[in-house]
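This is run35.pdb (PDB, C-alpha atoms and all ligand atoms).
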```
ATOM      1  CA  MET A   1       0.000   0.000   0.000
ATOM      2  CA  THR A   2       1.367   3.425  -0.981
ATOM      3  CA  ARG A   3       1.403   5.710   2.055
ATOM      4  CA  ILE A   4       0.124   9.185   1.140
ATOM      5  CA  ALA A   5       0.540  12.583   2.807
ATOM      6  CA  VAL A   6      -1.728  15.471   1.798
ATOM      7  CA  LEU A   7      -0.466  19.043   2.210
ATOM      8  CA  VAL A   8      -3.103  21.756   2.596
ATOM      9  CA  SER A   9      -3.558  25.420   3.479
ATOM     10  CA  GLY A  10      -7.271  26.132   3.422
ATOM     11  CA  GLY A  11     -10.744  24.661   3.421
ATOM     12  CA  GLY A  12      -9.610  21.262   2.279
ATOM     13  CA  THR A  13     -12.422  20.326  -0.099
ATOM     14  CA  ASN A  14      -9.905  18.469  -2.270
ATOM     15  CA  LEU A  15      -8.638  16.646   0.817
ATOM     16  CA  GLN A  16     -12.258  15.695   1.549
ATOM     17  CA  ALA A  17     -12.678  14.375  -2.000
ATOM     18  CA  LEU A  18      -9.586  12.209  -1.466
ATOM     19  CA  ILE A  19     -10.834  10.917   1.899
ATOM     20  CA  ASP A  20     -14.289  10.146   0.461
ATOM     21  CA  SER A  21     -12.776   8.376  -2.559
ATOM     22  CA  GLU A  22     -10.509   6.284  -0.401
ATOM     23  CA  ARG A  23     -13.483   5.277   1.765
ATOM     24  CA  ALA A  24     -15.476   4.398  -1.349
ATOM     25  CA  GLY A  25     -12.705   2.009  -2.412
ATOM     26  CA  LYS A  26     -11.570   4.170  -5.311
ATOM     27  CA  ILE A  27      -7.925   4.460  -4.184
ATOM     28  CA  PRO A  28      -7.192   0.771  -3.614
ATOM     29  CA  HIS A  29      -3.403   1.194  -3.898
ATOM     30  CA  GLY A  30      -3.091   4.165  -1.538
ATOM     31  CA  SER A  31      -3.804   5.110   2.026
ATOM     32  CA  ILE A  32      -3.901   8.676   3.365
ATOM     33  CA  GLU A  33      -1.736   8.527   6.471
ATOM     34  CA  LEU A  34      -0.917  12.164   7.196
ATOM     35  CA  VAL A  35      -2.252  15.690   6.618
ATOM     36  CA  ILE A  36       0.075  18.669   7.008
ATOM     37  CA  ALA A  37      -1.238  22.232   6.962
ATOM     38  CA  SER A  38       0.819  25.369   6.430
ATOM     39  CA  ASN A  39      -1.206  27.114   9.140
ATOM     40  CA  GLU A  40      -2.992  25.874  12.233
ATOM     41  CA  LYS A  41      -6.307  27.538  11.295
ATOM     42  CA  ALA A  42      -6.820  25.573   8.083
ATOM     43  CA  TYR A  43     -10.239  23.884   8.206
ATOM     44  CA  ALA A  44      -8.601  20.978   6.399
ATOM     45  CA  LEU A  45      -7.090  19.991   9.771
ATOM     46  CA  THR A  46     -10.598  19.525  11.188
ATOM     47  CA  ARG A  47     -11.449  17.313   8.225
ATOM     48  CA  ALA A  48      -8.350  15.204   8.960
ATOM     49  CA  GLU A  49      -9.289  15.017  12.646
ATOM     50  CA  ASN A  50     -12.847  13.936  11.787
ATOM     51  CA  ALA A  51     -11.493  11.246   9.486
ATOM     52  CA  GLY A  52      -9.071   9.971  12.128
ATOM     53  CA  ILE A  53      -5.983  10.843  10.084
ATOM     54  CA  ALA A  54      -2.750  12.029  11.767
ATOM     55  CA  HIS A  55      -2.328  15.754  11.216
ATOM     56  CA  ALA A  56      -0.087  18.690  12.073
ATOM     57  CA  ALA A  57       0.511  22.337  11.206
ATOM     58  CA  ILE A  58       4.049  23.194  10.090
ATOM     59  CA  ARG A  59       4.386  26.930   9.526
ATOM     60  CA  ARG A  60       7.004  28.622   7.363
ATOM     61  CA  LYS A  61       7.290  31.508   9.835
ATOM     62  CA  ASP A  62       8.576  29.174  12.539
ATOM     63  CA  TYR A  63      11.701  28.409  10.476
ATOM     64  CA  ALA A  64      14.674  30.639   9.667
ATOM     65  CA  ASP A  65      14.863  29.810   5.975
ATOM     66  CA  GLN A  66      13.357  27.721   3.201
ATOM     67  CA  ASP A  67      15.823  24.903   3.636
ATOM     68  CA  SER A  68      15.048  24.368   7.323
ATOM     69  CA  TYR A  69      11.302  24.526   6.563
ATOM     70  CA  ASP A  70      11.745  21.876   3.865
ATOM     71  CA  ALA A  71      13.773  19.760   6.284
ATOM     72  CA  ALA A  72      10.984  19.933   8.895
ATOM     73  CA  LEU A  73       8.381  18.864   6.333
ATOM     74  CA  VAL A  74      10.530  15.984   5.065
ATOM     75  CA  GLU A  75      11.205  14.870   8.635
ATOM     76  CA  ALA A  76       7.450  14.728   9.370
ATOM     77  CA  LEU A  77       6.902  12.681   6.210
ATOM     78  CA  HIS A  78       9.700  10.285   7.111
ATOM     79  CA  VAL A  79       8.312   9.754  10.620
ATOM     80  CA  HIS A  80       5.108   8.528   8.967
ATOM     81  CA  ASP A  81       6.953   6.521   6.330
ATOM     82  CA  ILE A  82       5.309   8.475   3.502
ATOM     83  CA  ASP A  83       5.848   7.305  -0.103
ATOM     84  CA  MET A  84       3.915   9.960  -2.001
ATOM     85  CA  VAL A  85       2.729  13.534  -1.462
ATOM     86  CA  ILE A  86      -0.372  15.349  -2.712
ATOM     87  CA  LEU A  87      -0.510  19.141  -2.714
ATOM     88  CA  ALA A  88      -4.198  19.973  -2.330
ATOM     89  CA  GLY A  89      -4.307  23.749  -2.137
ATOM     90  CA  PHE A  90      -0.953  24.013  -0.325
ATOM     91  CA  LEU A  91       0.103  27.643  -0.624
ATOM     92  CA  SER A  92       3.525  27.693   1.045
ATOM     93  CA  ILE A  93       6.539  27.499  -1.253
ATOM     94  CA  LEU A  94       8.426  24.200  -1.352
ATOM     95  CA  GLY A  95      12.168  24.342  -1.942
ATOM     96  CA  PRO A  96      14.598  22.005  -3.702
ATOM     97  CA  ARG A  97      15.309  19.951  -0.591
ATOM     98  CA  PHE A  98      11.640  18.963  -0.325
ATOM     99  CA  ILE A  99      11.077  18.445  -4.036
ATOM    100  CA  GLN A 100      14.236  16.368  -4.460
ATOM    101  CA  SER A 101      13.221  14.157  -1.540
ATOM    102  CA  TYR A 102      10.143  12.944  -3.471
ATOM    103  CA  PRO A 103      11.105  12.930  -7.171
ATOM    104  CA  ASP A 104       8.084  12.143  -9.397
ATOM    105  CA  ARG A 105       6.180  11.423  -6.206
ATOM    106  CA  ILE A 106       4.471  14.771  -5.625
ATOM    107  CA  LEU A 107       1.117  15.612  -7.238
ATOM    108  CA  ASN A 108      -0.388  19.075  -7.422
ATOM    109  CA  ILE A 109      -3.883  20.175  -8.395
ATOM    110  CA  HIS A 110      -4.114  23.525 -10.166
ATOM    111  CA  PRO A 111      -7.466  25.199 -10.966
ATOM    112  CA  SER A 112      -6.880  26.029 -14.644
ATOM    113  CA  LEU A 113      -5.853  24.324 -17.868
ATOM    114  CA  ILE A 114      -2.050  24.646 -17.637
ATOM    115  CA  PRO A 115      -0.258  26.459 -19.324
ATOM    116  CA  SER A 116      -3.001  29.085 -18.926
ATOM    117  CA  PHE A 117      -3.196  31.073 -15.697
ATOM    118  CA  CYS A 118      -0.422  29.294 -13.843
ATOM    119  CA  GLY A 119       2.988  29.916 -12.324
ATOM    120  CA  LYS A 120       4.027  32.502  -9.773
ATOM    121  CA  GLY A 121       1.133  34.450  -8.211
ATOM    122  CA  PHE A 122      -1.625  32.249  -9.677
ATOM    123  CA  TYR A 123      -3.343  30.431  -6.835
ATOM    124  CA  GLY A 124      -6.852  29.988  -5.470
ATOM    125  CA  LEU A 125      -9.385  32.644  -6.494
ATOM    126  CA  LYS A 126      -6.718  34.679  -8.340
ATOM    127  CA  VAL A 127      -6.660  32.017 -11.043
ATOM    128  CA  HIS A 128     -10.398  32.363 -11.670
ATOM    129  CA  GLU A 129     -10.236  36.183 -11.512
ATOM    130  CA  ALA A 130      -7.582  36.078 -14.244
ATOM    131  CA  ALA A 131      -9.604  33.658 -16.377
ATOM    132  CA  LEU A 132     -12.690  35.891 -16.159
ATOM    133  CA  ALA A 133     -10.629  39.040 -16.848
ATOM    134  CA  LYS A 134      -9.254  37.406 -20.008
ATOM    135  CA  GLY A 135     -12.738  36.372 -21.077
ATOM    136  CA  VAL A 136     -11.935  32.717 -21.755
ATOM    137  CA  LYS A 137     -14.984  30.556 -22.464
ATOM    138  CA  VAL A 138     -13.412  27.330 -21.220
ATOM    139  CA  THR A 139     -11.230  26.768 -18.182
ATOM    140  CA  GLY A 140     -10.685  23.667 -16.034
ATOM    141  CA  ALA A 141      -8.225  21.925 -13.763
ATOM    142  CA  THR A 142      -4.890  20.153 -14.112
ATOM    143  CA  VAL A 143      -3.121  17.532 -12.019
ATOM    144  CA  HIS A 144       0.629  17.466 -12.594
ATOM    145  CA  LEU A 145       3.817  16.165 -11.078
ATOM    146  CA  VAL A 146       5.785  18.734  -9.113
ATOM    147  CA  ASN A 147       9.284  19.769 -10.128
ATOM    148  CA  GLU A 148      11.256  22.908  -9.380
ATOM    149  CA  ILE A 149       9.398  25.022 -11.945
ATOM    150  CA  PRO A 150       6.132  26.393 -10.451
ATOM    151  CA  ASP A 151       3.246  24.502 -12.128
ATOM    152  CA  GLY A 152       5.831  23.217 -14.628
ATOM    153  CA  GLY A 153       5.947  19.456 -14.006
ATOM    154  CA  ARG A 154       4.570  16.735 -16.270
ATOM    155  CA  ILE A 155       0.803  16.916 -16.757
ATOM    156  CA  LEU A 156      -1.082  13.759 -15.724
ATOM    157  CA  LEU A 157      -4.757  14.718 -16.099
ATOM    158  CA  GLN A 158      -6.801  17.686 -17.270
ATOM    159  CA  LYS A 159     -10.507  18.391 -17.513
ATOM    160  CA  ALA A 160     -12.241  21.324 -19.185
ATOM    161  CA  VAL A 161     -15.082  23.288 -17.559
ATOM    162  CA  GLU A 162     -17.284  25.876 -19.258
ATOM    163  CA  VAL A 163     -17.296  29.494 -18.186
ATOM    164  CA  GLN A 164     -20.869  30.834 -18.083
ATOM    165  CA  ASP A 165     -22.293  34.330 -18.478
ATOM    166  CA  GLY A 166     -22.494  36.101 -15.140
ATOM    167  CA  ASP A 167     -19.846  33.974 -13.455
ATOM    168  CA  THR A 168     -18.080  35.494 -10.468
ATOM    169  CA  PRO A 169     -14.670  34.134  -9.431
ATOM    170  CA  GLU A 170     -16.389  32.312  -6.552
ATOM    171  CA  ILE A 171     -19.054  30.693  -8.757
ATOM    172  CA  LEU A 172     -16.455  29.654 -11.323
ATOM    173  CA  GLN A 173     -14.159  28.284  -8.616
ATOM    174  CA  ARG A 174     -16.983  26.124  -7.267
ATOM    175  CA  ARG A 175     -17.882  24.784 -10.731
ATOM    176  CA  VAL A 176     -14.243  23.938 -11.488
ATOM    177  CA  MET A 177     -13.993  22.111  -8.159
ATOM    178  CA  GLU A 178     -17.218  20.151  -8.638
ATOM    179  CA  GLN A 179     -16.770  19.270 -12.305
ATOM    180  CA  ALA A 180     -13.011  18.803 -12.414
ATOM    181  CA  GLU A 181     -10.845  18.988  -9.276
ATOM    182  CA  TRP A 182     -12.748  16.604  -6.986
ATOM    183  CA  ILE A 183     -12.853  14.021  -9.793
ATOM    184  CA  LEU A 184      -9.326  14.399 -11.190
ATOM    185  CA  LEU A 185      -7.352  14.460  -7.959
ATOM    186  CA  PRO A 186      -8.514  11.102  -6.523
ATOM    187  CA  LYS A 187      -8.093   9.548  -9.982
ATOM    188  CA  ALA A 188      -4.504  10.818 -10.295
ATOM    189  CA  ALA A 189      -3.795   9.748  -6.702
ATOM    190  CA  GLU A 190      -4.773   6.168  -7.540
ATOM    191  CA  MET A 191      -2.756   6.248 -10.795
ATOM    192  CA  LEU A 192       0.443   7.273  -9.008
ATOM    193  CA  ALA A 193      -0.183   5.074  -5.947
ATOM    194  CA  GLU A 194      -0.593   2.043  -8.195
ATOM    195  CA  LYS A 195       2.568   2.885 -10.160
ATOM    196  CA  LEU A 196       4.613   3.274  -6.956
ATOM    197  CA  GLU A 197       3.306   0.000  -5.567
ATOM    198  CA  GLU A 198       4.285  -1.781  -8.778
ATOM    199  CA  GLU A 199       7.771  -0.241  -8.582
ATOM    200  CA  LYS A 200       8.130  -1.387  -4.974
ATOM    201  CA  GLN A 201       7.282  -4.956  -5.917
ATOM    202  CA  ALA A 202       9.532  -5.029  -9.012
TER     203      ALA A 202
HETATM  204  C1  LIG B   1      -8.206  24.520  -5.071
HETATM  205  O1  LIG B   1      -9.028  25.158  -6.016
HETATM  206  C2  LIG B   1      -6.853  24.202  -5.681
HETATM  207  O2  LIG B   1      -6.935  23.835  -7.027
HETATM  208  C3  LIG B   1      -6.153  25.516  -5.514
HETATM  209  O3  LIG B   1      -6.525  25.952  -4.222
HETATM  210  C4  LIG B   1      -7.846  25.483  -3.938
HETATM  211  C5  LIG B   1      -7.852  24.796  -2.581
HETATM  212  O4  LIG B   1      -9.164  24.480  -2.177
HETATM  213  N1  LIG B   1      -4.733  25.378  -5.649
HETATM  214  C6  LIG B   1      -3.953  26.290  -6.239
HETATM  215  O5  LIG B   1      -4.357  27.354  -6.653
HETATM  216  C7  LIG B   1      -2.478  25.897  -6.353
HETATM  217  N2  LIG B   1      -1.775  26.782  -7.230
HETATM  218  P1  LIG B   1      -9.439  23.378  -1.065
HETATM  219  O6  LIG B   1      -8.612  23.750   0.184
HETATM  220  O7  LIG B   1     -10.907  23.498  -0.781
HETATM  221  O8  LIG B   1      -9.076  22.043  -1.617
END
```
Here is the file; what I need is its structure written in the form of structure tokens.
Ligand code: GAR
Amino acid sequence: MTRIAVLVSGGGTNLQALIDSERAGKIPHGSIELVIASNEKAYALTRAENAGIAHAAIRRKDYADQDSYDAALVEALHVHDIDMVILAGFLSILGPRFIQSYPDRILNIHPSLIPSFCGKGFYGLKVHEAALAKGVKVTGATVHLVNEIPDGGRILLQKAVEVQDGDTPEILQRRVMEQAEWILLPKAAEMLAEKLEEEKQA
């Protein structure tokens, strides 16, 4: 079984989709063993608590530099014997030490069709504000592997979602979550978990 950690910063609806999918038997090769939040107020921590999953807040401001923050995150993952990491709305920056510790083993969900509206400064509602400002008629979500280029790793799954007249950033965000993110992320989690389990057995 591939042991999964989910890193979060906010409401955690993508975390909830992962938990619900695992419970429904849709992630047979993976098990969510740990949730780490970048701040202690993230509601995602309550979701982890309610699901009986180990959880902790590890805050960037408690560390002197990026490298020591990365080291603290990696240490927490090692304590729980984590094989694979999912970034589900994690808004703190991850440095090379973290990324190199889990090569091709970190997934990220981004709320647009990469390469549109991605990279530095594009996160959360800002992505949907930019899509509406540009006037695109189709947006969506992307799950990709994480490398050292922001939103630049290999794309695993994408799904398109229509923009509708009168959309606000909040309405569009919700539609992209419902029609794309909550479906794609559990699917990609199972894909990678299965691949890692096969590699372990080879
Ligand atoms: C999601 O829409 C996710 O795609 C986005 O943050 C939101 C988190 O919501 N991530 C990014 O923008 C990363 N660049 P959630 O906490 O309810 O899952």
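Going from atom CA of Ile19 of chain A over to atom CA of Ala48 of chain A, you cover 8.6 Å.
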Quiz item: On this structure, which residues satisfy the PyMOL selection byres (((chain A and resi 146) around 6) and not hetatm), written as a PyMOL selection string?
Solution: chain A and resi 106-107+145+147+153
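Closest approach to Leu18 of chain A among A:Lys126, A:Lys41, A:Lys120, A:Arg47 is made by A:Arg47 (distances from all atoms listed in the file).
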I'd like a table as JSON lines: residues in chain A with an atom no more than 7 Å from ligand LIG 1 (chain B), each row giving the shortest atom pair and its distance in Å to one decimal, all atoms listed in the file counted, sorted by chain and rising residue number.
```
{"residue": "A:Val8", "atom": "CA", "partner": "B:LIG1", "partner_atom": "O6", "distance": 6.3}
{"residue": "A:Ser9", "atom": "CA", "partner": "B:LIG1", "partner_atom": "O6", "distance": 6.3}
{"residue": "A:Gly10", "atom": "CA", "partner": "B:LIG1", "partner_atom": "O6", "distance": 4.2}
{"residue": "A:Gly11", "atom": "CA", "partner": "B:LIG1", "partner_atom": "O6", "distance": 4.0}
{"residue": "A:Gly12", "atom": "CA", "partner": "B:LIG1", "partner_atom": "O6", "distance": 3.4}
{"residue": "A:Thr13", "atom": "CA", "partner": "B:LIG1", "partner_atom": "O7", "distance": 3.6}
{"residue": "A:Asn14", "atom": "CA", "partner": "B:LIG1", "partner_atom": "O8", "distance": 3.7}
{"residue": "A:Leu15", "atom": "CA", "partner": "B:LIG1", "partner_atom": "O8", "distance": 5.9}
{"residue": "A:Ala44", "atom": "CA", "partner": "B:LIG1", "partner_atom": "O6", "distance": 6.8}
{"residue": "A:Ala88", "atom": "CA", "partner": "B:LIG1", "partner_atom": "O8", "distance": 5.3}
{"residue": "A:Gly89", "atom": "CA", "partner": "B:LIG1", "partner_atom": "C5", "distance": 3.7}
{"residue": "A:Phe90", "atom": "CA", "partner": "B:LIG1", "partner_atom": "C7", "distance": 6.5}
{"residue": "A:Leu91", "atom": "CA", "partner": "B:LIG1", "partner_atom": "C7", "distance": 6.5}
{"residue": "A:Ile109", "atom": "CA", "partner": "B:LIG1", "partner_atom": "O2", "distance": 5.0}
{"residue": "A:His110", "atom": "CA", "partner": "B:LIG1", "partner_atom": "O2", "distance": 4.2}
{"residue": "A:Pro111", "atom": "CA", "partner": "B:LIG1", "partner_atom": "O2", "distance": 4.2}
{"residue": "A:Phe122", "atom": "CA", "partner": "B:LIG1", "partner_atom": "N2", "distance": 6.0}
{"residue": "A:Tyr123", "atom": "CA", "partner": "B:LIG1", "partner_atom": "O5", "distance": 3.2}
{"residue": "A:Gly124", "atom": "CA", "partner": "B:LIG1", "partner_atom": "O5", "distance": 3.8}
{"residue": "A:Val127", "atom": "CA", "partner": "B:LIG1", "partner_atom": "O5", "distance": 6.8}
{"residue": "A:Gln173", "atom": "CA", "partner": "B:LIG1", "partner_atom": "O1", "distance": 6.5}
{"residue": "A:Met177", "atom": "CA", "partner": "B:LIG1", "partner_atom": "O1", "distance": 6.2}
{"residue": "A:Glu181", "atom": "CA", "partner": "B:LIG1", "partner_atom": "O2", "distance": 6.6}
```
Practice problem: Would you please work out which residue, of A:Ala54, A:Ile32, A:Leu132, A:Met1, is nearest to Glu170 of chain A when using only C-alpha atoms? | Solution: A:Leu132
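Note that atom CA of Arg59 of chain A and atom CA of Thr46 of chain A are 16.8 Å apart.
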Practice problem: Take the point (10.8, 12.3, -10.1) as written in the file and pick out every residue within 12 Å of it, counting all atoms listed in the file; give the list as a ChimeraX atom specification. | Solution: /A:84-85,98-107,144-148,153-154,192,196
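With the shown file loaded, the PyMOL selection byres (((chain A and resi 71) around 12) and not hetatm) picks out Ile58, Arg60, Tyr63, Ala64, Asp65, Gln66, Asp67, Ser68, Tyr69, Asp70, Ala72, Leu73, Val74, Glu75, Ala76, Leu77, His78, Leu94, Gly95, Pro96, Arg97, Phe98, Ile99, Gln100 and Ser101 of chain A.
Taking atom CA of Lys187 of chain A as the reference point, atom CA of Leu157 of chain A is found at 8.7 Å.
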Quiz item: Looking at A:Pro150, A:Pro169, A:Gly30, A:Pro186, which one is nearest to Leu125 of chain A, with distances taken over all atoms listed in the file?
Solution: A:Pro169
Exercise. Using the chain letters and residue numbers of this document, give as JSON, numbers by chain the residues selected by the PyMOL selection byres (((chain A and resi 161-164) around 8) and not hetatm).
Key: {"A": [136, 137, 138, 139, 140, 141, 159, 160, 165, 166, 167, 172, 175, 176, 179, 180]}
Quiz item: Taking all atoms listed in the file into account, which of A:Ser21, A:Glu49, A:Ser112, A:Ala5 comes nearest Val79 of chain A?
Solution: A:Ala5
